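Take a look at the structure set out below.
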Amino acid sequence: MRKSRANDYSGQRPNWRIIASVLPYLAEYRRRALLAVGLLVLAKVANVLVPVALKYLVDYLDGLETTEAALFVPLALVAGYGALRFASTLFQELRDAVFARVAERVMRRAALQVFEHLHRLDLGFHLARRTGALSRDIERGTSGMAFLLRTLVFNIGPTLLEVVLVALVLAVAFDASFVVTVLVAVTLYVGFSLAVTEWRTRFVREANELDNQSNTRAVDSLLNYETVKYFNAEAYEAERYDRDLAAWEQARIKHRLSLAALNTGQALIVAASITVMMGMATYQVAEGRMSLGDLTMINAYLLQLFIPLNNLGFVYREMRESVINIERMFGLLDQAPQVADRPDAAELVPDGGRIRFEDVTFGYQPERPILRGVAFTVEPGQKVALVGPSGAGKSTIARLLFRFYDVDSGRITINGQDLRDVTQQSLRAAMGVVPQDTVLFNDTIRYNIAYGRPDASEAEIQEAVRRAHLDGFISELPQGLDTLVGERGLKVSGGEKQRIAIARVLLKDPPLLILDEATSSLDSAAERAILGTLQEVAASRTTLAIAHRLSTIQDADQILLIEHGRIVEAGTHGELLARDGAYAQLWRYQESVAG
């Protein structure tokens, strides 16, 4: 039985070098970060001096002979004690305020970097990934980066600095036994936390993986809401989702129980350390080697030291989880695009747009070739149609032309420029696509049409609506162009989605046009109207049309019949009918079905 991804992943060790990858994000705010560190040092120095002020205050009061004399306690000691306490808090708050912009900006930059990188990755990567898990990885990764940076500046650094300062004060004021006890306690605490956290990390990773899995299941089911309803599968979907949740529940229980073990062990070390040091101090006070103020100072230091040290255990656990999450997010950045611009890539110059496929071979998997030696030319201003059975390779040709993939052998050129030698941005800027399966953004009709050219004027949008024969439909909507289409455009029909896609391409006005079953979702009347528009648009453009219904491409300058990844017939509609080959047989079949 194949192991789950969660189990496979949970066995990996976190990569602590990820921390070094996070630090460069601070470069933009180097001055702020250094100022925050400076304020941190001031806050900790003030905090460490508070018990010293308390010691002198207690010793002074302990040395007084009468209660009345307490009225003459020097106000300087009281004022100094209060000022140090206030300074410690003030510098901490100033540190937080200074560093706040740094953490939030790092989060923003990291999220944007991953987002841009994901858009640079090839179509194959996105077809293989699950969107729900992907979004969780980004969300947890960016949050982990912000937490890690705050932790280094606000928790780890301050706590270590405080341990060093307290050890220095104890070494100067008392004998070495107190310093040794503090260092042993800190070493035991940190060592125990590291060992137990290392053990329980697998539970954290497993819980994250199963959380991804259940979230992906839920998103996938809700996106396919209609299919679930068609097959009356609500109970089936709920049962599958509950199975994932049950596995996640068990992983979380292990996570919680291991956390309880860690907290208990840490509490035992802290309690034992405080008991030992207070016993040592009490003994020395009883022998007269220490004053009551010294005892008070040691007690204050222990409380002051172990409170953040106890918090350090929580912080370390969270750091481990953050490193794991950042590791996952940076793993996305490590994914190299299979389709990338060459360093010397030039801008595409469409200039008429002669398209040539030269002995092109391609397969999504090496053992399963889709195209086998495909060669044809689309002259500037021509319309070439690709027809053939499903799986023959028609849509693959369009994907290669748009450079979602690179050819395995041969080459594709536009005006003599190999697609691999031009920038993807310039290539796609020159092309307009009306896909067979139009997916819209969960926004307004206006937004989806204007996506073709976001800076288009209202008049240009209205003209695209009219030419795509959308005006009648939009006029019936109470909110008109501002009507929301719903997630993936589910609030509008297939035909309306396709006309929105056509309007979007009309607004973009590209020199090269790809029509992938552009009228497949339209009824006969709408199809005739749209075909007229598409013929008008294609008349001044180099057009590649993919069609299933042969009646929609009779006007093509050349028709290529593709079977099993090869061009088996080529010619105009009239020429192919006169040849009475495979195309003519397909035409007669479709005519008989339509009749």
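Order determines the names: the first chain of the structure tokens is A, the second B, and so forth; residues in each chain are numbered 1 upward, and ligands are numbered 1 upward as they are shown.
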DSSP-assigned alpha helix (DSSP H) among segment 27-198 of chain A, expressed as a ChimeraX atom specification: /A:30-62,75-120,123-128,131-151,157-173,176-198
Residues near Phe178 of chain A, cut-off 8 Å, only C-alpha atoms, skip fewer than 6 positions along chain, as JSON, numbers by chain: {"A": [170, 171, 277]}
May I have the residues from that selection written out with C-alpha atoms, as a compact mmCIF listing (two decimals), in the first residue's frame?
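What landed in selection_5.txt:
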```txt
# COMPACT_ATOMS: atom_id res chain seq x y z
CA LEU A 170 25.77 37.62 39.42
CA ALA A 171 29.46 37.01 38.70
CA MET A 277 19.10 29.04 43.80
```
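Nearest-residue note for Arg256 of chain A: choosing from A:Thr89, A:Thr201, A:Asn415, A:Thr552, the minimum distance belongs to A:Thr201, counting only C-alpha atoms.
Shell of Ile19 of chain A at 12 Å, with only C-alpha atoms counted and residues fewer than 2 places along the chain excluded, is Pro14, Asn15, Trp16, Arg17, Ser21, Val22, Leu23, Pro24, Tyr25, Leu26, Gly144, Met145, Ala146, Phe147, Leu148, Leu149, Thr151, Leu152, Met319, Arg320, Ser322, Val323, Ile324, Asn325, Ile326, Glu327 and Phe330 of chain A.
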Can you tell me which residues surround Lys44 of chain A at a distance of at most 12 Å, considering only C-alpha atoms, apart from same-chain residues fewer than 2 positions away, and format the answer as a PDB file with N, CA and C atoms, in the first residue's frame?
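The file below, selection.pdb, is the result:
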```pdb
ATOM      1  N   VAL A  37      17.306  46.840  17.104  1.00  0.00           N
ATOM      2  CA  VAL A  37      18.267  46.099  17.927  1.00  0.00           C
ATOM      3  C   VAL A  37      18.853  47.008  19.007  1.00  0.00           C
ATOM      4  N   GLY A  38      19.155  48.269  18.642  1.00  0.00           N
ATOM      5  CA  GLY A  38      19.667  49.215  19.625  1.00  0.00           C
ATOM      6  C   GLY A  38      18.677  49.462  20.755  1.00  0.00           C
ATOM      7  N   LEU A  39      17.424  49.635  20.408  1.00  0.00           N
ATOM      8  CA  LEU A  39      16.386  49.826  21.425  1.00  0.00           C
ATOM      9  C   LEU A  39      16.225  48.576  22.286  1.00  0.00           C
ATOM     10  N   LEU A  40      16.407  47.416  21.661  1.00  0.00           N
ATOM     11  CA  LEU A  40      16.348  46.153  22.406  1.00  0.00           C
ATOM     12  C   LEU A  40      17.426  46.112  23.491  1.00  0.00           C
ATOM     13  N   VAL A  41      18.660  46.505  23.128  1.00  0.00           N
ATOM     14  CA  VAL A  41      19.756  46.482  24.093  1.00  0.00           C
ATOM     15  C   VAL A  41      19.466  47.435  25.247  1.00  0.00           C
ATOM     16  N   LEU A  42      18.963  48.620  24.930  1.00  0.00           N
ATOM     17  CA  LEU A  42      18.633  49.589  25.975  1.00  0.00           C
ATOM     18  C   LEU A  42      17.547  49.049  26.902  1.00  0.00           C
ATOM     19  N   ALA A  46      18.126  48.273  30.938  1.00  0.00           N
ATOM     20  CA  ALA A  46      17.247  48.865  31.953  1.00  0.00           C
ATOM     21  C   ALA A  46      16.565  47.785  32.781  1.00  0.00           C
ATOM     22  N   ASN A  47      16.156  46.709  32.112  1.00  0.00           N
ATOM     23  CA  ASN A  47      15.457  45.624  32.809  1.00  0.00           C
ATOM     24  C   ASN A  47      16.371  44.924  33.807  1.00  0.00           C
ATOM     25  N   VAL A  48      17.644  44.738  33.432  1.00  0.00           N
ATOM     26  CA  VAL A  48      18.595  44.061  34.313  1.00  0.00           C
ATOM     27  C   VAL A  48      18.968  44.941  35.511  1.00  0.00           C
ATOM     28  N   LEU A  49      18.910  46.249  35.336  1.00  0.00           N
ATOM     29  CA  LEU A  49      19.251  47.162  36.429  1.00  0.00           C
ATOM     30  C   LEU A  49      18.124  47.313  37.450  1.00  0.00           C
ATOM     31  N   VAL A  50      16.907  46.917  37.096  1.00  0.00           N
ATOM     32  CA  VAL A  50      15.780  47.040  38.019  1.00  0.00           C
ATOM     33  C   VAL A  50      16.016  46.271  39.312  1.00  0.00           C
ATOM     34  N   LEU A  84      13.661  53.112  35.818  1.00  0.00           N
ATOM     35  CA  LEU A  84      14.210  51.941  35.117  1.00  0.00           C
ATOM     36  C   LEU A  84      13.102  51.024  34.617  1.00  0.00           C
ATOM     37  N   ARG A  85      12.092  50.824  35.456  1.00  0.00           N
ATOM     38  CA  ARG A  85      10.966  49.980  35.023  1.00  0.00           C
ATOM     39  C   ARG A  85      10.269  50.600  33.808  1.00  0.00           C
ATOM     40  N   PHE A  86      10.031  51.927  33.873  1.00  0.00           N
ATOM     41  CA  PHE A  86       9.365  52.594  32.756  1.00  0.00           C
ATOM     42  C   PHE A  86      10.245  52.560  31.508  1.00  0.00           C
ATOM     43  N   ALA A  87      11.546  52.780  31.671  1.00  0.00           N
ATOM     44  CA  ALA A  87      12.458  52.788  30.524  1.00  0.00           C
ATOM     45  C   ALA A  87      12.475  51.432  29.823  1.00  0.00           C
ATOM     46  N   SER A  88      12.461  50.354  30.623  1.00  0.00           N
ATOM     47  CA  SER A  88      12.453  49.009  30.039  1.00  0.00           C
ATOM     48  C   SER A  88      11.237  48.813  29.138  1.00  0.00           C
ATOM     49  N   THR A  89      10.055  49.199  29.646  1.00  0.00           N
ATOM     50  CA  THR A  89       8.827  49.054  28.851  1.00  0.00           C
ATOM     51  C   THR A  89       8.827  50.000  27.656  1.00  0.00           C
ATOM     52  N   LEU A  90       9.275  51.257  27.886  1.00  0.00           N
ATOM     53  CA  LEU A  90       9.288  52.253  26.809  1.00  0.00           C
ATOM     54  C   LEU A  90      10.150  51.799  25.645  1.00  0.00           C
ATOM     55  N   PHE A  91      11.376  51.341  25.939  1.00  0.00           N
ATOM     56  CA  PHE A  91      12.282  50.920  24.863  1.00  0.00           C
ATOM     57  C   PHE A  91      11.731  49.689  24.126  1.00  0.00           C
ATOM     58  N   GLN A  92      11.040  48.788  24.838  1.00  0.00           N
ATOM     59  CA  GLN A  92      10.441  47.630  24.181  1.00  0.00           C
ATOM     60  C   GLN A  92       9.336  48.059  23.216  1.00  0.00           C
ATOM     61  N   ARG A  95      10.868  49.688  20.232  1.00  0.00           N
ATOM     62  CA  ARG A  95      11.425  48.626  19.383  1.00  0.00           C
ATOM     63  C   ARG A  95      10.331  47.985  18.535  1.00  0.00           C
ATOM     64  N   PHE A 154      12.695  39.954  18.821  1.00  0.00           N
ATOM     65  CA  PHE A 154      11.923  40.227  20.027  1.00  0.00           C
ATOM     66  C   PHE A 154      12.062  39.157  21.108  1.00  0.00           C
ATOM     67  N   ASN A 155      12.477  37.948  20.764  1.00  0.00           N
ATOM     68  CA  ASN A 155      12.478  36.861  21.743  1.00  0.00           C
ATOM     69  C   ASN A 155      13.847  36.223  21.934  1.00  0.00           C
ATOM     70  N   GLY A 157      16.913  36.944  20.630  1.00  0.00           N
ATOM     71  CA  GLY A 157      17.960  37.918  20.935  1.00  0.00           C
ATOM     72  C   GLY A 157      17.839  38.508  22.322  1.00  0.00           C
ATOM     73  N   PRO A 158      16.652  39.048  22.684  1.00  0.00           N
ATOM     74  CA  PRO A 158      16.503  39.627  24.026  1.00  0.00           C
ATOM     75  C   PRO A 158      16.766  38.628  25.148  1.00  0.00           C
ATOM     76  N   THR A 159      16.279  37.405  25.011  1.00  0.00           N
ATOM     77  CA  THR A 159      16.445  36.414  26.081  1.00  0.00           C
ATOM     78  C   THR A 159      17.916  36.045  26.263  1.00  0.00           C
ATOM     79  N   LEU A 160      18.627  35.809  25.165  1.00  0.00           N
ATOM     80  CA  LEU A 160      20.046  35.479  25.265  1.00  0.00           C
ATOM     81  C   LEU A 160      20.840  36.638  25.855  1.00  0.00           C
ATOM     82  N   LEU A 161      20.488  37.860  25.427  1.00  0.00           N
ATOM     83  CA  LEU A 161      21.173  39.034  25.965  1.00  0.00           C
ATOM     84  C   LEU A 161      20.919  39.159  27.469  1.00  0.00           C
ATOM     85  N   GLU A 162      19.684  38.899  27.881  1.00  0.00           N
ATOM     86  CA  GLU A 162      19.346  39.000  29.293  1.00  0.00           C
ATOM     87  C   GLU A 162      20.079  37.941  30.113  1.00  0.00           C
ATOM     88  N   VAL A 163      20.205  36.719  29.590  1.00  0.00           N
ATOM     89  CA  VAL A 163      20.949  35.666  30.291  1.00  0.00           C
ATOM     90  C   VAL A 163      22.394  36.094  30.505  1.00  0.00           C
ATOM     91  N   VAL A 164      23.001  36.667  29.454  1.00  0.00           N
ATOM     92  CA  VAL A 164      24.396  37.106  29.554  1.00  0.00           C
ATOM     93  C   VAL A 164      24.543  38.225  30.585  1.00  0.00           C
ATOM     94  N   LEU A 165      23.630  39.210  30.536  1.00  0.00           N
ATOM     95  CA  LEU A 165      23.722  40.336  31.471  1.00  0.00           C
ATOM     96  C   LEU A 165      23.508  39.878  32.912  1.00  0.00           C
ATOM     97  N   VAL A 166      22.517  39.006  33.137  1.00  0.00           N
ATOM     98  CA  VAL A 166      22.267  38.504  34.487  1.00  0.00           C
ATOM     99  C   VAL A 166      23.478  37.727  34.989  1.00  0.00           C
ATOM    100  N   GLN A 304      12.685  37.186  36.690  1.00  0.00           N
ATOM    101  CA  GLN A 304      12.872  37.965  35.468  1.00  0.00           C
ATOM    102  C   GLN A 304      13.489  37.128  34.361  1.00  0.00           C
ATOM    103  N   LEU A 305      14.339  36.178  34.744  1.00  0.00           N
ATOM    104  CA  LEU A 305      15.053  35.363  33.755  1.00  0.00           C
ATOM    105  C   LEU A 305      14.203  34.209  33.241  1.00  0.00           C
ATOM    106  N   PRO A 308      10.888  34.888  30.632  1.00  0.00           N
ATOM    107  CA  PRO A 308      11.164  34.861  29.181  1.00  0.00           C
ATOM    108  C   PRO A 308      11.768  33.545  28.727  1.00  0.00           C
TER     109      PRO A 308
END
```
Residue neighbourhood Val505 of chain A, 10 Å, only C-alpha atoms, exclusion window fewer than 5 positions, as a PyMOL selection string: chain A and resi 431-434+449-453+464+468+499-500+510+513-514+537
Based on the selection just made, write C-alpha atoms of those residues as a short mmCIF file (atom, residue, chain, number, x, y, z; two decimals), in the first residue's frame.
```
data_model
loop_
_atom_site.label_atom_id
_atom_site.label_comp_id
_atom_site.auth_asym_id
_atom_site.auth_seq_id
_atom_site.Cartn_x
_atom_site.Cartn_y
_atom_site.Cartn_z
CA MET A 431 -1.78 36.75 -29.26
CA GLY A 432 -5.43 36.60 -28.41
CA VAL A 433 -7.09 33.35 -27.35
CA VAL A 434 -10.73 32.35 -27.15
CA ILE A 449 -13.95 41.97 -20.39
CA ALA A 450 -11.51 44.75 -19.47
CA TYR A 451 -8.97 42.08 -18.49
CA GLY A 452 -8.04 42.02 -22.17
CA ARG A 453 -6.84 45.63 -21.85
CA ALA A 464 -16.36 45.08 -27.60
CA ALA A 468 -19.48 40.10 -29.22
CA ARG A 499 -19.05 35.63 -25.59
CA ILE A 500 -17.37 37.40 -22.66
CA PRO A 510 -3.96 41.27 -31.04
CA LEU A 513 -5.62 34.98 -32.98
CA ILE A 514 -6.24 31.47 -31.64
CA VAL A 537 -12.03 40.04 -36.76
#
```
Residues near Pro454 of chain A, cut-off 10 Å, only C-alpha atoms, skip fewer than 6 positions along chain, as a list in words: Tyr447, Asn448, Ile461, Leu507 and Lys508 of chain A
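Within the 10 Å cut-off around Leu188 of chain A, using only C-alpha atoms and omitting residues fewer than 6 positions from it on the same chain, the listed residues are Val182, Leu194, Gln266, Ile269, Val270 and Ser273 of chain A.
Nearest-residue note for Arg150 of chain A: choosing from A:Lys254, A:Arg108, A:Arg101, A:His119, the minimum distance belongs to A:Arg101, counting only C-alpha atoms.
Closest to Asp406 of chain A among A:Glu463, A:Gln338, A:Arg32, A:Pro380 is A:Gln338, based on only C-alpha atoms.
Interatomic distance, atom CA of Ala430 of chain A against atom CA of Ser409 of chain A: 23.9 Å.
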Gap from atom CA of Ala36 of chain A to atom CA of Met329 of chain A - Å, one decimal: 27.1 Å
d(atom CA of Phe402 of chain A, atom CA of Gln425 of chain A) in Å: 10.4 Å
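Minimum atom-to-atom distances from A:Glu496, A:Asp341, A:Asp408, A:Glu321 to Leu427 of chain A were compared using only C-alpha atoms, and the lowest value belongs to A:Asp341.
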